[in-house]
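A.B. asks: Contents of run_28.txt (compact mmCIF, C-alpha atoms) are given next:
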```txt
# COMPACT_ATOMS: atom_id res chain seq x y z
CA MET T 1 54.74 103.85 76.26
CA LEU T 2 55.87 103.36 72.66
CA ARG T 3 56.27 107.10 72.19
CA ARG T 4 58.26 107.31 75.41
CA LYS T 5 60.59 104.50 74.28
CA GLU T 6 61.14 106.24 70.96
CA SER T 7 61.90 109.48 72.78
CA MET T 8 64.36 107.68 75.03
CA ALA T 9 66.05 106.11 72.01
CA ARG T 10 66.32 109.48 70.28
CA ARG T 11 67.71 111.01 73.47
CA ASP T 12 70.37 108.27 73.74
CA GLN T 13 71.38 108.84 70.11
CA GLU T 14 71.64 112.60 70.68
CA ILE T 15 73.75 112.02 73.79
CA LYS T 16 76.12 109.79 71.81
CA LYS T 17 76.39 112.39 69.05
CA LEU T 18 77.11 115.18 71.52
CA HIS T 19 79.72 113.10 73.34
CA GLU T 20 81.40 112.25 70.03
CA LEU T 21 81.37 115.91 68.97
CA ALA T 22 82.85 117.00 72.30
CA ARG T 23 85.51 114.27 72.07
CA ARG T 24 86.52 115.29 68.55
CA THR T 25 86.67 118.95 69.53
CA LYS T 26 88.87 118.11 72.48
CA VAL T 27 91.20 115.96 70.33
CA ASP T 28 91.55 118.73 67.74
CA GLU T 29 92.35 121.28 70.40
CA GLU T 30 94.96 118.99 71.95
CA ARG T 31 96.58 118.39 68.53
CA SER T 32 96.69 122.11 67.79
CA THR T 33 98.22 122.82 71.20
CA LEU T 34 100.81 120.07 70.66
CA ARG T 35 101.80 121.47 67.25
CA ASP T 36 102.22 124.95 68.68
CA GLN T 37 104.33 123.60 71.53
CA MET T 38 106.56 121.62 69.13
CA SER T 39 107.02 124.71 66.97
CA LEU T 40 108.06 126.77 69.97
CA GLU T 41 110.49 124.09 71.13
CA LYS T 42 112.02 123.88 67.63
CA MET T 43 112.53 127.65 67.53
CA GLU T 44 114.12 127.59 70.99
CA MET T 45 116.49 124.75 70.01
CA GLN T 46 117.52 126.63 66.87
CA ARG T 47 118.22 129.75 68.94
CA ILE T 48 120.39 127.75 71.36
CA GLU T 49 122.34 126.16 68.48
CA ASP T 50 122.98 129.58 66.92
CA GLN T 51 124.20 130.92 70.26
CA LYS T 52 126.55 127.96 70.65
CA SER T 53 127.96 128.53 67.15
CA ARG T 54 128.65 132.19 67.86
CA GLU T 55 130.35 131.43 71.18
CA LYS T 56 132.43 128.67 69.58
CA GLU T 57 133.61 131.05 66.84
CA LEU T 58 134.65 133.65 69.41
CA VAL T 59 136.65 131.13 71.42
CA GLU T 60 138.43 129.82 68.32
CA ASN T 61 139.40 133.35 67.27
CA ASP T 62 140.85 134.06 70.73
CA LEU T 63 142.84 130.81 70.61
CA PHE T 64 144.31 131.57 67.19
CA GLN T 65 145.36 135.04 68.33
CA SER T 66 147.08 133.58 71.42
CA LEU T 67 149.03 131.02 69.37
CA SER T 68 150.16 133.63 66.85
CA SER T 69 151.54 135.82 69.68
CA PHE T 70 153.85 132.98 70.83
CA ARG T 71 155.59 132.85 67.41
CA GLU T 72 156.61 136.52 67.36
CA GLY T 73 160.17 136.23 68.87
CA PRO T 74 162.56 135.22 71.76
CA ARG T 75 161.65 135.79 75.35
CA THR T 76 163.72 135.55 78.52
CA SER T 77 163.13 132.50 80.58
CA TYR T 78 161.62 132.78 84.03
CA LYS T 79 159.88 130.58 86.52
CA SER T 80 156.49 131.61 87.77
CA ASP T 81 155.23 131.16 91.27
CA HIS T 82 152.85 128.51 90.02
CA GLY T 83 155.60 126.18 88.80
CA ILE T 84 155.35 126.98 85.05
CA ALA T 85 158.78 127.07 83.28
CA LYS T 86 158.78 129.00 79.97
CA SER T 87 161.49 128.43 77.32
CA GLU T 88 164.04 131.12 76.35
CA ASP T 89 163.38 131.03 72.61
CA PHE T 90 160.21 129.54 71.25
CA SER T 91 161.45 129.75 67.65
CA SER T 92 164.73 127.81 68.24
CA ASN T 93 165.12 124.04 67.95
CA GLN T 94 166.06 123.82 71.61
CA GLY T 95 162.78 125.30 72.67
CA LYS T 96 160.42 122.98 70.87
CA GLU T 97 158.58 122.40 74.09
CA GLN T 98 157.10 125.83 74.41
CA LEU T 99 155.50 125.25 77.80
CA LYS T 100 156.41 122.77 80.46
CA ILE T 101 154.05 122.34 83.41
CA ILE T 102 155.65 121.56 86.73
CA GLU T 103 153.04 120.36 89.19
CA PRO T 104 153.26 122.21 92.52
CA TYR T 105 153.43 120.20 95.72
CA TYR T 106 150.92 120.65 98.50
CA GLU T 107 150.74 118.77 101.74
CA SER T 108 147.22 117.36 101.95
CA GLU T 109 145.44 117.57 105.27
CA LEU T 110 142.61 115.03 105.78
CA PRO T 111 139.75 115.93 108.13
CA MET T 112 139.17 113.96 111.31
CA VAL T 113 136.74 111.08 111.16
CA ARG T 114 133.38 112.01 112.64
CA SER T 115 132.14 110.11 115.64
CA ALA T 116 129.31 107.60 115.17
CA SER T 117 125.78 108.58 116.18
CA ILE T 118 122.20 107.30 115.87
CA VAL T 119 119.50 109.53 114.39
CA LYS T 120 115.88 108.58 115.04
CA PHE T 121 113.02 109.79 112.85
CA ILE T 122 109.59 109.99 114.47
CA HIS T 123 106.77 109.97 111.94
CA THR T 124 103.27 111.25 112.53
CA PRO T 125 101.00 108.32 113.56
CA ARG T 126 98.62 107.36 110.78
CA PHE T 127 95.67 104.97 110.67
CA PHE T 128 95.90 104.09 106.98
CA LYS T 129 98.90 102.14 105.71
CA THR T 130 99.14 104.18 102.52
CA PRO T 131 101.14 107.44 102.14
CA ARG T 132 99.31 110.65 103.02
CA ARG T 133 97.95 112.46 99.96
CA GLU T 134 95.88 115.61 99.65
CA SER T 135 93.62 114.01 97.04
CA THR T 136 92.37 111.37 99.50
CA GLN T 137 92.44 113.43 102.70
CA LEU T 138 88.73 114.32 102.68
CA ARG T 139 87.62 110.73 102.15
CA GLU T 140 89.93 109.46 104.88
CA ASP T 141 88.68 112.10 107.34
CA ALA T 142 85.07 111.22 106.50
CA PHE T 143 85.77 107.50 107.06
CA ILE T 144 87.42 108.15 110.43
CA ALA T 145 84.63 110.49 111.52
CA LYS T 146 81.93 107.92 110.72
CA ASN T 147 83.73 104.87 112.15
CA ARG T 148 85.62 106.33 115.11
CA PRO T 149 83.66 104.32 117.75
CA PHE T 150 84.75 101.08 116.04
CA LEU T 151 88.43 101.96 115.60
CA LYS T 152 89.55 101.92 119.23
CA ALA T 153 91.61 98.76 118.70
CA ASN T 154 93.92 100.65 116.40
CA LYS T 155 97.07 102.11 117.99
CA TYR T 156 96.31 105.54 116.59
CA PHE T 157 93.01 105.66 118.52
CA ASN T 158 94.19 103.88 121.66
CA THR T 159 93.15 106.06 124.59
CA ASN T 160 95.27 104.08 127.08
CA GLU T 161 98.47 105.67 125.76
CA THR T 162 99.99 108.54 127.63
CA SER T 163 98.82 111.88 126.25
CA LYS T 164 98.78 115.51 127.20
CA LEU T 165 96.54 116.68 130.02
CA GLU T 166 94.43 118.92 127.79
CA GLU T 167 93.74 116.00 125.41
CA THR T 168 92.11 114.06 128.26
CA ASP T 169 89.86 116.95 129.32
CA PRO T 170 86.41 116.66 127.65
CA VAL T 171 85.68 120.36 128.19
CA TRP T 172 88.91 121.33 126.40
CA LEU T 173 88.13 118.91 123.56
CA LYS T 174 84.61 120.32 123.24
CA GLN T 175 86.03 123.86 123.01
CA LYS T 176 88.45 122.65 120.35
CA GLY T 177 85.51 121.23 118.40
CA ASP T 178 83.69 124.56 118.71
CA ASN T 179 86.70 126.33 117.17
CA PHE T 180 86.71 123.89 114.25
CA TYR T 181 82.98 124.43 113.76
CA LYS T 182 83.38 128.21 113.63
CA VAL T 183 85.85 127.99 110.74
CA GLY T 184 83.68 125.45 108.86
CA ASP T 185 85.84 122.34 109.42
CA TYR T 186 82.95 120.08 110.42
CA LEU T 187 84.79 116.75 110.15
CA ALA T 188 87.53 117.94 112.50
CA ALA T 189 84.83 119.23 114.86
CA ILE T 190 83.17 115.80 114.81
CA ASN T 191 86.49 114.16 115.72
CA ALA T 192 87.00 116.55 118.65
CA TYR T 193 83.44 116.04 119.94
CA SER T 194 83.86 112.25 119.58
CA LEU T 195 87.02 112.34 121.72
CA ALA T 196 85.18 114.40 124.34
CA ILE T 197 82.36 111.83 124.40
CA GLU T 198 84.88 109.00 124.77
CA LYS T 199 86.29 110.72 127.84
CA ASP T 200 82.85 111.48 129.32
CA GLN T 201 79.80 109.70 127.90
CA THR T 202 77.45 111.89 129.96
CA PHE T 203 78.71 115.11 128.34
CA PHE T 204 75.45 116.04 126.58
CA LYS T 205 76.79 119.32 125.13
CA ALA T 206 79.26 117.35 123.00
CA TYR T 207 76.38 115.20 121.74
CA MET T 208 74.38 118.31 120.87
CA ASN T 209 77.19 120.02 118.97
CA ARG T 210 78.14 116.84 117.12
CA SER T 211 74.52 116.33 116.07
CA LEU T 212 74.57 119.80 114.48
CA CYS T 213 77.71 118.91 112.51
CA TYR T 214 76.11 115.67 111.33
CA LEU T 215 73.06 117.62 110.19
CA ILE T 216 75.22 120.01 108.15
CA ILE T 217 77.17 117.25 106.36
CA ASP T 218 73.93 115.43 105.44
CA GLU T 219 74.06 112.58 107.96
CA PRO T 220 70.50 112.79 109.38
CA ASN T 221 70.50 109.32 110.97
CA LEU T 222 73.66 110.07 112.97
CA CYS T 223 72.19 113.43 113.95
CA ILE T 224 69.04 111.73 115.27
CA HIS T 225 71.16 109.24 117.22
CA ASP T 226 73.16 112.01 118.93
CA CYS T 227 70.02 114.01 119.71
CA THR T 228 68.45 110.91 121.29
CA GLN T 229 71.58 110.28 123.39
CA ALA T 230 71.63 113.90 124.53
CA LEU T 231 67.94 113.74 125.53
CA ASN T 232 68.57 110.58 127.56
CA VAL T 233 71.50 112.18 129.42
CA ILE T 234 69.48 115.35 130.05
CA HIS T 235 66.62 113.26 131.41
CA GLN T 236 69.03 111.59 133.85
CA LYS T 237 70.40 114.97 134.99
CA ALA T 238 67.03 116.73 135.12
CA ARG T 239 67.06 117.01 138.91
CA ASP T 240 70.32 118.99 138.87
CA MET T 241 69.17 121.48 136.22
CA MET T 242 67.00 124.57 136.25
CA LYS T 243 63.57 124.25 134.67
CA GLU T 244 64.16 126.99 132.10
CA GLU T 245 67.51 125.51 131.02
CA LEU T 246 65.96 122.04 130.76
CA GLU T 247 63.10 123.29 128.57
CA THR T 248 65.48 125.20 126.28
CA LEU T 249 67.74 122.18 125.75
CA ARG T 250 64.86 119.79 125.09
CA THR T 251 63.23 122.23 122.65
CA LYS T 252 66.45 122.73 120.74
CA LEU T 253 67.09 118.99 120.44
CA LEU T 254 63.53 118.19 119.36
CA ALA T 255 63.66 120.90 116.67
CA ARG T 256 66.99 119.56 115.43
CA MET T 257 65.61 116.03 115.25
CA SER T 258 62.71 117.39 113.19
CA SER T 259 65.19 118.93 110.73
CA ALA T 260 67.03 115.61 110.45
CA TYR T 261 63.79 113.68 109.87
CA CYS T 262 62.82 116.16 107.12
CA LYS T 263 66.18 115.62 105.43
CA ILE T 264 65.42 111.89 105.14
CA GLY T 265 62.44 112.92 103.02
CA ASN T 266 59.91 110.06 103.24
CA LEU T 267 56.43 110.40 104.70
CA LEU T 268 57.21 108.36 107.81
CA SER T 269 60.14 110.59 108.72
CA ILE T 270 58.09 113.74 108.03
CA ASN T 271 55.37 112.49 110.40
CA LEU T 272 58.04 111.90 113.04
CA ALA T 273 59.33 115.43 112.44
CA LEU T 274 55.82 116.82 113.03
CA ALA T 275 55.51 114.76 116.23
CA ASN T 276 58.79 116.16 117.55
CA MET T 277 57.76 119.72 116.71
CA GLN T 278 54.41 119.22 118.46
CA GLU T 279 56.26 118.02 121.56
CA ALA T 280 58.55 121.04 121.38
CA SER T 281 55.49 123.29 120.99
CA SER T 282 53.94 121.74 124.08
CA ILE T 283 57.10 122.60 126.06
CA LYS T 284 57.17 126.22 124.82
CA PRO T 285 53.71 127.03 123.43
CA SER T 286 54.43 130.77 123.15
CA CYS T 287 57.54 130.41 120.95
CA ASP T 288 56.87 131.94 117.52
CA LEU T 289 59.91 130.25 115.97
CA ILE T 290 58.59 126.78 116.79
CA ALA T 291 55.15 127.70 115.42
CA ASN T 292 56.69 128.92 112.16
CA ASP T 293 58.80 125.78 111.85
CA MET T 294 55.74 123.61 112.38
CA LYS T 295 53.90 125.43 109.60
CA SER T 296 56.92 125.00 107.34
CA ILE T 297 57.00 121.26 108.00
CA GLN T 298 53.27 120.97 107.31
CA ARG T 299 53.71 122.76 103.98
CA PHE T 300 56.71 120.56 103.25
CA LYS T 301 54.62 117.46 103.94
CA LYS T 302 51.85 118.58 101.57
CA ALA T 303 54.37 119.44 98.88
CA MET T 304 56.16 116.09 99.24
CA ILE T 305 52.84 114.21 98.96
CA LEU T 306 52.00 116.12 95.78
CA LYS T 307 55.51 115.48 94.42
CA MET T 308 55.23 111.73 95.11
CA GLU T 309 51.85 111.62 93.39
CA GLY T 310 53.43 113.43 90.45
CA ASP T 311 56.21 110.83 90.34
CA VAL T 312 53.60 108.04 90.18
CA ALA T 313 51.72 109.81 87.38
CA PHE T 314 54.94 110.38 85.45
CA GLY T 315 55.89 106.72 85.80
CA SER T 316 52.53 105.72 84.27
CA ASN T 317 53.08 108.17 81.36
CA ARG T 318 50.34 110.61 82.48
CA LEU T 319 52.38 113.67 81.67
CA ASP T 320 49.63 116.29 82.01
CA THR T 321 48.61 115.00 85.43
CA SER T 322 52.20 114.83 86.67
CA LEU T 323 52.86 118.38 85.44
CA GLU T 324 49.82 119.68 87.33
CA LEU T 325 50.88 117.89 90.52
CA TYR T 326 54.45 119.22 90.31
CA ASN T 327 53.10 122.76 89.83
CA LYS T 328 50.94 122.37 92.97
CA ALA T 329 53.92 121.02 94.95
CA ILE T 330 56.09 123.98 93.91
CA SER T 331 53.34 126.48 94.75
CA GLU T 332 52.99 124.83 98.17
CA ASP T 333 56.75 124.90 98.95
CA SER T 334 59.09 126.48 96.43
CA SER T 335 62.26 125.23 98.18
CA ILE T 336 61.90 121.62 96.95
CA MET T 337 64.45 121.38 94.16
CA GLN T 338 63.41 117.78 93.36
CA ALA T 339 60.03 119.05 92.17
CA TYR T 340 61.68 121.50 89.75
CA SER T 341 64.02 118.79 88.49
CA ASN T 342 61.20 116.31 87.91
CA ARG T 343 59.03 118.96 86.26
CA SER T 344 61.87 119.66 83.81
CA ALA T 345 61.69 115.98 82.80
CA VAL T 346 57.97 116.37 82.05
CA TYR T 347 58.69 119.47 79.96
CA PHE T 348 61.35 117.56 78.03
CA TYR T 349 59.03 114.66 77.14
CA LYS T 350 56.33 117.12 76.14
CA SER T 351 58.90 118.79 73.83
CA LEU T 352 58.70 122.05 75.82
CA TYR T 353 62.45 122.49 75.70
CA ASP T 354 62.55 126.17 76.70
CA ASP T 355 60.61 125.45 79.90
CA CYS T 356 62.90 122.47 80.57
CA ILE T 357 65.95 124.72 80.23
CA LYS T 358 64.44 127.26 82.64
CA ASP T 359 63.78 124.66 85.35
CA CYS T 360 67.22 123.06 85.00
CA THR T 361 68.88 126.48 85.12
CA LEU T 362 66.87 127.41 88.23
CA VAL T 363 67.99 124.24 90.03
CA LEU T 364 71.66 124.66 89.06
CA GLU T 365 71.68 128.34 89.98
CA SER T 366 70.08 127.60 93.37
CA LEU T 367 72.75 124.98 94.07
CA ARG T 368 75.48 127.40 93.00
CA GLN T 369 74.14 130.18 95.23
CA SER T 370 74.05 127.81 98.19
CA CYS T 371 77.80 127.15 97.65
CA LEU T 372 78.56 130.88 97.81
CA SER T 373 77.22 131.30 101.35
CA PRO T 374 80.30 131.74 103.60
CA LYS T 375 79.03 129.74 106.54
CA MET T 376 75.88 127.91 107.55
CA THR T 377 74.82 129.60 110.77
CA GLN T 378 71.20 128.47 110.98
CA ILE T 379 69.83 125.11 109.88
CA PRO T 380 66.36 125.30 108.28
CA PRO T 381 63.74 122.78 109.43
CA ILE T 382 63.36 121.33 105.94
CA GLY T 383 65.92 120.12 103.43
CA GLY T 384 64.90 121.56 100.06
CA ILE T 385 68.49 121.95 98.77
CA PRO T 386 70.86 118.99 99.23
CA PRO T 387 73.99 119.95 101.19
CA GLN T 388 77.41 120.33 99.61
CA GLY T 389 79.35 117.13 99.03
CA SER T 390 76.30 114.83 99.33
CA GLN T 391 75.50 112.15 96.76
CA SER T 392 71.98 113.49 96.23
CA ARG T 393 73.39 116.89 95.30
CA GLU T 394 75.87 115.40 92.83
CA ALA T 395 73.15 113.28 91.20
CA MET T 396 70.86 116.30 90.87
CA VAL T 397 73.60 118.37 89.21
CA LYS T 398 74.41 115.61 86.70
CA ILE T 399 70.75 115.04 85.78
CA CYS T 400 70.04 118.75 85.27
CA LEU T 401 73.19 119.31 83.19
CA SER T 402 72.52 116.36 80.88
CA ARG T 403 68.83 117.27 80.48
CA ARG T 404 69.63 120.91 79.75
CA ALA T 405 72.30 119.89 77.21
CA LEU T 406 69.72 117.76 75.34
CA SER T 407 67.22 120.59 75.39
CA TYR T 408 69.83 122.98 73.99
CA GLU T 409 70.57 120.49 71.24
CA MET T 410 66.87 120.15 70.39
CA THR T 411 66.62 123.94 70.07
CA ASN T 412 69.75 124.12 67.85
CA GLN T 413 71.88 125.79 70.55
CA THR T 414 74.83 123.47 70.06
CA LYS T 415 77.37 125.80 71.68
CA TYR T 416 75.55 125.74 75.01
CA ALA T 417 74.97 122.00 74.73
CA ILE T 418 78.70 121.39 74.33
CA ARG T 419 79.39 123.69 77.30
CA ASP T 420 77.08 121.66 79.55
CA LEU T 421 78.57 118.37 78.39
CA GLU T 422 82.07 119.64 79.13
CA MET T 423 80.95 120.66 82.62
CA LEU T 424 79.36 117.23 83.04
CA SER T 425 82.55 115.43 81.98
CA LYS T 426 84.54 117.28 84.69
CA LEU T 427 82.31 116.01 87.50
```
Would you mind giving the structure from this file in structure tokens?

C.D. replies:
Amino acid sequence: MLRRKESMARRDQEIKKLHELARRTKVDEERSTLRDQMSLEKMEMQRIEDQKSREKELVENDLFQSLSSFREGPRTSYKSDHGIAKSEDFSSNQGKEQLKIIEPYYESELPMVRSASIVKFIHTPRFFKTPRRESTQLREDAFIAKNRPFLKANKYFNTNETSKLEETDPVWLKQKGDNFYKVGDYLAAINAYSLAIEKDQTFFKAYMNRSLCYLIIDEPNLCIHDCTQALNVIHQKARDMMKEELETLRTKLLARMSSAYCKIGNLLSINLALANMQEASSIKPSCDLIANDMKSIQRFKKAMILKMEGDVAFGSNRLDTSLELYNKAISEDSSIMQAYSNRSAVYFYKSLYDDCIKDCTLVLESLRQSCLSPKMTQIPPIGGIPPQGSQSREAMVKICLSRRALSYEMTNQTKYAIRDLEMLSKL
């Protein structure tokens, strides 16, 4: 324990040093950029002043030439159309006033006064009292999607108001949600499915599709709730449905509930996932996909047990034992990114910095590759990689970046350490 505390203290000191180095580098770069910008502005101001001086000199020369032309001799007097009377002899005493301006007279015509009118501005209804901003749009949509059943008292969600016919049709709303799902706008799809359920609480297809959206955005508990509601409605309508259709719907919902239970990640939820898959297998015993998913969940359970045992060993400072358990968990199921992340911590405390860098890089690259997939078309039965936008994913990225930066620093790769710290500061 003493050695671990000393390692932690050294790690904190190294983190402070790296942060200070990154801060100084950033300050120097900002100062250099500011000096360059000031130099450019000074050059531009000097150029403008020179241009003004040249133009002023040209205008003065033209004015002097015009005045000298008036002193050349007598001219006959005439009156221009614009009311300007010129003297007969500019050089005589009588013509001291060389130019006399006579203001022309125009009859002014005023426009008619416009008639009074009232202009009404109709603003888009909005739940929040603050102005709409793009920076907070995602958080507001997520809040509305999660709390829509409790917001009916608000005027924006009042279903008693007059609305268009298609907005009161649950089938049309469900189709609208399907269109949002196809383009990857899962929060908008959830809102459309929620409106369809408000119009018809026995519309089990809306429950099913909304549960899939909840599973994608890492809301397993809400997914399980919708799957349970859909199963209850299907059970009530079982007499009006064909046997094959009933078995297909029940199998699909049970498999989806298993995926949601696996995303929760504890042993109790994994056992519930296995129970649901066994029930689905009893409905369709000849389905190879269900059999493969059940094997995947069983491997996932074994790997999670080994990972938890490794966490206990690591907490008691048994580094060799924890490393062996993490290796077994990864060999059992290589999709569990938490095992790689925790194994990198063991490598770091054992001063195996190159192995630590490899594991952290593997985790970060796997998360990056998952972001590049254009659309999630099939949900796996287990949740090895946290979904985009989830708190677990953000925490995993921060831990791996900071741990890899320390390992780079320990191996005298300061450039890469600063790069990781700069990436970490932007999160």

A.B. asks: Show me the residues close to (72.4, 114.8, 90.3) - anything with an atom within 12 Å, counting only C-alpha atoms - and format the list as a compact mmCIF listing (two decimals) with C-alpha atoms, keeping the file's coordinate frame.

C.D. replies:
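Output file out_15.txt follows:
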```txt
# COMPACT_ATOMS: atom_id res chain seq x y z
CA MET T 337 64.45 121.38 94.16
CA GLN T 338 63.41 117.78 93.36
CA SER T 341 64.02 118.79 88.49
CA ASN T 342 61.20 116.31 87.91
CA CYS T 360 67.22 123.06 85.00
CA VAL T 363 67.99 124.24 90.03
CA LEU T 364 71.66 124.66 89.06
CA LEU T 367 72.75 124.98 94.07
CA ILE T 385 68.49 121.95 98.77
CA PRO T 386 70.86 118.99 99.23
CA GLN T 388 77.41 120.33 99.61
CA GLY T 389 79.35 117.13 99.03
CA SER T 390 76.30 114.83 99.33
CA GLN T 391 75.50 112.15 96.76
CA SER T 392 71.98 113.49 96.23
CA ARG T 393 73.39 116.89 95.30
CA GLU T 394 75.87 115.40 92.83
CA ALA T 395 73.15 113.28 91.20
CA MET T 396 70.86 116.30 90.87
CA VAL T 397 73.60 118.37 89.21
CA LYS T 398 74.41 115.61 86.70
CA ILE T 399 70.75 115.04 85.78
CA CYS T 400 70.04 118.75 85.27
CA LEU T 401 73.19 119.31 83.19
CA SER T 402 72.52 116.36 80.88
CA ARG T 403 68.83 117.27 80.48
CA LEU T 424 79.36 117.23 83.04
CA LEU T 427 82.31 116.01 87.50
```

A.B. asks: Please report the interatomic distance between atom CA of Ser259 of chain T and atom CA of Ile217 of chain T in Å with one decimal.

C.D. replies: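 Calculated distance between atom CA of Ser259 of chain T and atom CA of Ile217 of chain T is 12.9 Å.
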
A.B. asks: If you measure from atom CA of Ala303 of chain T to atom CA of Leu274 of chain T, what distance in Å do you get, rounded to one decimal?

C.D. replies: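 These atoms are spaced 14.5 Å apart.
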
A.B. asks: Using Å and a single decimal, report how far atom CA of Tyr353 of chain T sits from atom CA of Leu319 of chain T.

C.D. replies: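 Between these atoms lies a distance of 14.7 Å.
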
A.B. asks: Tell me, as a PyMOL selection string, which residues lie within 12 Å of Leu18 of chain T, counting only C-alpha atoms; anything in the same chain fewer than 2 positions away does not count.

C.D. replies: chain T and resi 11-16+20-25+402+405-410+413-422+424-425

A.B. asks: Can you tell me, as a ChimeraX atom specification, what residues are no more than 8 Å from segment 130-145 of chain T when counting only C-alpha atoms, ignoring any on the same chain fewer than 3 positions away?

C.D. replies: /T:148,187-188,190-191

A.B. asks: Please produce a file of those selected residues containing C-alpha atoms, as a PDB file, keeping the file's coordinate frame.

C.D. replies:
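Saved as out_19.pdb:
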```pdb
ATOM      1  CA  ARG T 148      85.620 106.330 115.110  1.00  0.00           C
ATOM      2  CA  LEU T 187      84.790 116.750 110.150  1.00  0.00           C
ATOM      3  CA  ALA T 188      87.530 117.940 112.500  1.00  0.00           C
ATOM      4  CA  ILE T 190      83.170 115.800 114.810  1.00  0.00           C
ATOM      5  CA  ASN T 191      86.490 114.160 115.720  1.00  0.00           C
TER       6      ASN T 191
END
```

A.B. asks: Assuming 4 Å of padding per side, give the centre and edge lengths of the axis-aligned box around every listed atom of segment 253-268 of chain T, in Å to one decimal and as JSON.

C.D. replies:
```
{"center_x": 61.8, "center_y": 114.6, "center_z": 111.7, "size_x": 18.7, "size_y": 20.5, "size_z": 25.4}
```

A.B. asks: Residues near Leu249 of chain T, anyone? I mean within 9 Å using all atoms listed in the file, not counting same-chain ones fewer than 4 positions away, as JSON, numbers by chain.

C.D. replies: {"T": [231, 234, 244, 245, 253, 254]}

A.B. asks: With only C-alpha atoms as the counted atoms, please give the residues lying no more than 9 Å from Ser281 of chain T, apart from itself and same-chain residues fewer than 3 positions off, as a list in words.

C.D. replies: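 Result of the neighbour search: Thr251, Asn276, Met277, Gln278, Lys284, Pro285, Ser286, Cys287, Ile290, Ala291 and Met294 of chain T.
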
A.B. asks: If we count only C-alpha atoms, what is near Ser331 of chain T at a cut-off of 12 Å, once residues fewer than 2 positions away on the same chain are taken out, given as a short mmCIF file (atom, residue, chain, number, x, y, z; two decimals) with C-alpha atoms, in the frame of the given file?

C.D. replies:
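And here is the file that came out, selection_17.cif:
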```cif
data_model
loop_
_atom_site.label_atom_id
_atom_site.label_comp_id
_atom_site.auth_asym_id
_atom_site.auth_seq_id
_atom_site.Cartn_x
_atom_site.Cartn_y
_atom_site.Cartn_z
CA ARG T 299 53.71 122.76 103.98
CA PHE T 300 56.71 120.56 103.25
CA LYS T 302 51.85 118.58 101.57
CA ALA T 303 54.37 119.44 98.88
CA MET T 304 56.16 116.09 99.24
CA LEU T 306 52.00 116.12 95.78
CA LYS T 307 55.51 115.48 94.42
CA GLU T 324 49.82 119.68 87.33
CA LEU T 325 50.88 117.89 90.52
CA TYR T 326 54.45 119.22 90.31
CA ASN T 327 53.10 122.76 89.83
CA LYS T 328 50.94 122.37 92.97
CA ALA T 329 53.92 121.02 94.95
CA ASP T 333 56.75 124.90 98.95
CA SER T 334 59.09 126.48 96.43
CA SER T 335 62.26 125.23 98.18
CA ILE T 336 61.90 121.62 96.95
CA ALA T 339 60.03 119.05 92.17
CA TYR T 340 61.68 121.50 89.75
#
```

A.B. asks: Which residue, T:Ser32, T:Ser194, T:Ser316, T:Ser344, has the smallest gap to Lys358 of chain T when you use all atoms listed in the file?

C.D. replies: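 Smallest distance to Lys358 of chain T is found for T:Ser344.
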